[in-house]
Each structure stands twice: as C-alpha cells, then as structure tokens.
Amino acid sequence: MLNLFRSKPLIDDTSCEWMFDTFEWALTHFDHQEFFQRTQLIQPTNDFFPGNVDSRHGMAETIFNHVVKYAGLSHWPLQLQAPQLFTPQPPALLDLSAVQRDSSGANNLPALVAVQPLAMTYNPQQASKPGDLASSYAHHLAQHVVAQSQQLPPGGAEYFNASTEIIAIFMGFGVMMANSAYTFRGGCGSCYNAQANRQAALSEDNVIFALALFCRLKGIPAADATRNLKGYLRRNFKQALQQIDREPVRLQQLLALK
C-alpha cells in the first residue's frame with residue numbers, strides 16, 4: 001500500500017548508482033576539502049557575473065574569468081583565445097605539484113612561469129546566451145581537470161564526457177548546466193540559433209539528479225537551488241531529492257569523505 005504513495009524515481013537504478021560512484025570518485029580525487037568548505041552553488045545572476053562589456057569577446061572573456069575563479073582554478077596557467085586564433089591541440093600535462101595553492105590559499109605564481117598555458121576558446125554564438133557559455137566553460141575546465149589528473153572515471157574512458165559534466169556540477173555550476181542541458185529546437189528562423197546551444201552529454205534528468213546530490217552533500221536548501229532553475233525543472237529537482245533520500249547509506253558514505 002505504501003508503494004502507491006512513493007514518488008517515482010527520476011532516473012533508473014543503474015544511473016543512480018553511477019551518479020553516487022562518480023561523486024565518490026570526484027571527492028576522492030578532486031579535493032574534498034575544497035568541495036565541502038569553499039565550493040559555492042553558482043547562480044546565473046549579475047551578483048555572480050558582474051561586468052559591463054561592449055563586444056562578444058569582452059563578454060566571453062568576462063564570463064571566462066568568473067568561471068575560472070569559481071572553479072578554483074585561478075592558479076592554473078589557463079588562456080582564453082579568440083576563435084580565429086585558436087588551434088586545437090592536445091594539452092600538455094602540468095606538474096600539478098608546482099601549481100597547487102599553498103596553505104594560505106595564495107597562488108604559487110613563480111612556479112607557473114615556465115608552464116605551457118592551457119589554451120581554451122569559445123563559441124561566439126553563445127555570447128548571446130551567457131548561461132550556456134558559462135556552462136560550456138565549466139565543462140571544458142572540468143575536462144582539463146580530469147585529463148590532468150589522469151584518473152579514469154567510473155565506467156572507464158567512454159564515460160569521460162558524462163563524468164566531466166558531473167565534475168562541472170561538482171565545482172558548483174549545476175544550475176546553469178541544468179538550464180542548458182536541453183534547448184527547444186524549434187521556433188522561427190529569426191529567433192532560434194542552434195549554434196548558441198550547449199552540447200550536453202548528460203540528459204536533463206541526470207543533470208538535475210547530480211545538482212540535487214550536490215545540494216544534499218552541501219546542505220543547500222531546495223529553495224536556493226531552484227530559484228534560478230527553469231520552471232519545469234523544479235519539480236524534477238524535488239523528485240531527485242526524494243530519490244536521493246531513499247539512499248541513506250550511499251549518502252552517508254559520501255559525507256564520510258569530508
């Protein structure tokens with residue numbers, strides 16, 4: 001009888017297990033202290049992304065600098081290049097021991113001078129959709145983080161794109177990742193630009209579940225998480241929280257990594 005009143009899970013059991021495994025992998029390999037003590041839930045608002053810009057590149061650069069700061073990677077030798085100047089190439093492996101922050105949180109700048117910059121670029125079409133642009137940056141930064149760590153995610157290399165989206169959510173960008181996970185592909189020719197959309201690896205429901213798990217681990221109230229979510233995603237978020245709460249053992253295992 002009680003099962004009649006039990007909410008339907010947002011994602012299937014296999015996906016749910018992979019989510020918990022991936023968060024455990026992230027907490028094990030990507031600075032659990034940074035996650036629990038300093039990582040914020042970044043919101044798509046002027047409070048988090050202040051700045052006045054008068055060009056597409058200016059918009060791209062401003063958003064990039066904010067995303068790098070919130071990701072906790074300001075001490076990395078990252079470089080944003082305009083699309084016309086960017087040449088894709090495999091990034092060099094950094095000596096991560098030389099680019100870690102010291103105990104005071106300050107940047108170890110002298111050690112960065114000889115390190116080859118990690119070049120990134122952007123889709124100029126996304127300058128009209130700052131949330132998608134910020135999400136794309138966050139995902140690309142997460143890809144660099146995982147590539148530099150040389151740690152395979154749960155499921156192996158074929159899960160690289162999906163797991164690095166989880167890392168972007170782990171770094172605090174879940175609201176924007178969720179809002180940009182699916183974009184309506186219709187509308188008139190003058191108001192729809194497919195090239196401005198973020199190319200998502202995870203389904204919308206999986207991104208929402210990861211955001212909900214982030215919030216449970218961080219103790220962030222649902223109202224704070226859903227304030228800037230697309231309206232129809234708020235119900236899915238609450239559904240994800242209910243599913244997570246039915247996994248108390250797995251949740252406590254993650255919290256024990258503090």
# chains A, B, ... in the order shown; residues from 1 in each chain; ligands from 1

$ residues_around --residues "Ile11 in chain A" --least-positions-apart "3" --cutoff "9 Å" --atoms "only C-alpha atoms" --output "PyMOL selection string"
chain A and resi 8+14-16+205-206+209+240+243

$ residues_around --residues "range 53-59 of chain A" --least-positions-apart "4" --cutoff "9 Å" --atoms "only C-alpha atoms" --output "number ranges by chain"
A: 63-64, 82, 124-128, 130

$ write_last_selection --atoms "C-alpha atoms" --output "PDB file, in the first residue's frame"
ATOM      1  CA  ILE A  63      32.418  35.122 -18.169  1.00  0.00           C
ATOM      2  CA  PHE A  64      35.557  33.006 -18.580  1.00  0.00           C
ATOM      3  CA  ALA A  82      39.628  34.192 -29.717  1.00  0.00           C
ATOM      4  CA  PRO A 124      30.998  33.261 -30.366  1.00  0.00           C
ATOM      5  CA  GLN A 125      27.344  32.388 -30.973  1.00  0.00           C
ATOM      6  CA  GLN A 126      26.997  31.687 -27.235  1.00  0.00           C
ATOM      7  CA  ALA A 127      27.765  35.299 -26.348  1.00  0.00           C
ATOM      8  CA  SER A 128      24.004  35.820 -26.682  1.00  0.00           C
ATOM      9  CA  PRO A 130      25.690  33.703 -21.152  1.00  0.00           C
TER      10      PRO A 130
END

$ residues_around --residues "Thr39 in chain A" --least-positions-apart "2" --cutoff "8 Å" --atoms "only C-alpha atoms" --output "VMD selection string"
chain A and resid 34 to 37 41 70 to 71 171 to 172

$ residues_around --residues "Trp18 in chain A" --least-positions-apart "5" --cutoff "9 Å" --atoms "only C-alpha atoms" --output "ChimeraX atom specification"
/A:13,23,154-155

$ residues_around --residues "Val145 in chain A" --least-positions-apart "2" --cutoff "12 Å" --atoms "only C-alpha atoms" --output "ChimeraX atom specification"
/A:26,29-31,68,71-73,76,78,91,93-94,96,118,138-143,147-152,160,163-168,170-171

$ atom_distance --atom1 "CA of Ala210 in chain A" --atom2 "CA of Met120 in chain A"
25.5 Å

$ atom_distance --atom1 "CA of Ile42 in chain A" --atom2 "CA of His75 in chain A"
19.3 Å

$ residues_around --residues "Phe86 in chain A" --least-positions-apart "2" --cutoff "8 Å" --atoms "only C-alpha atoms" --output "count of residues only"
8
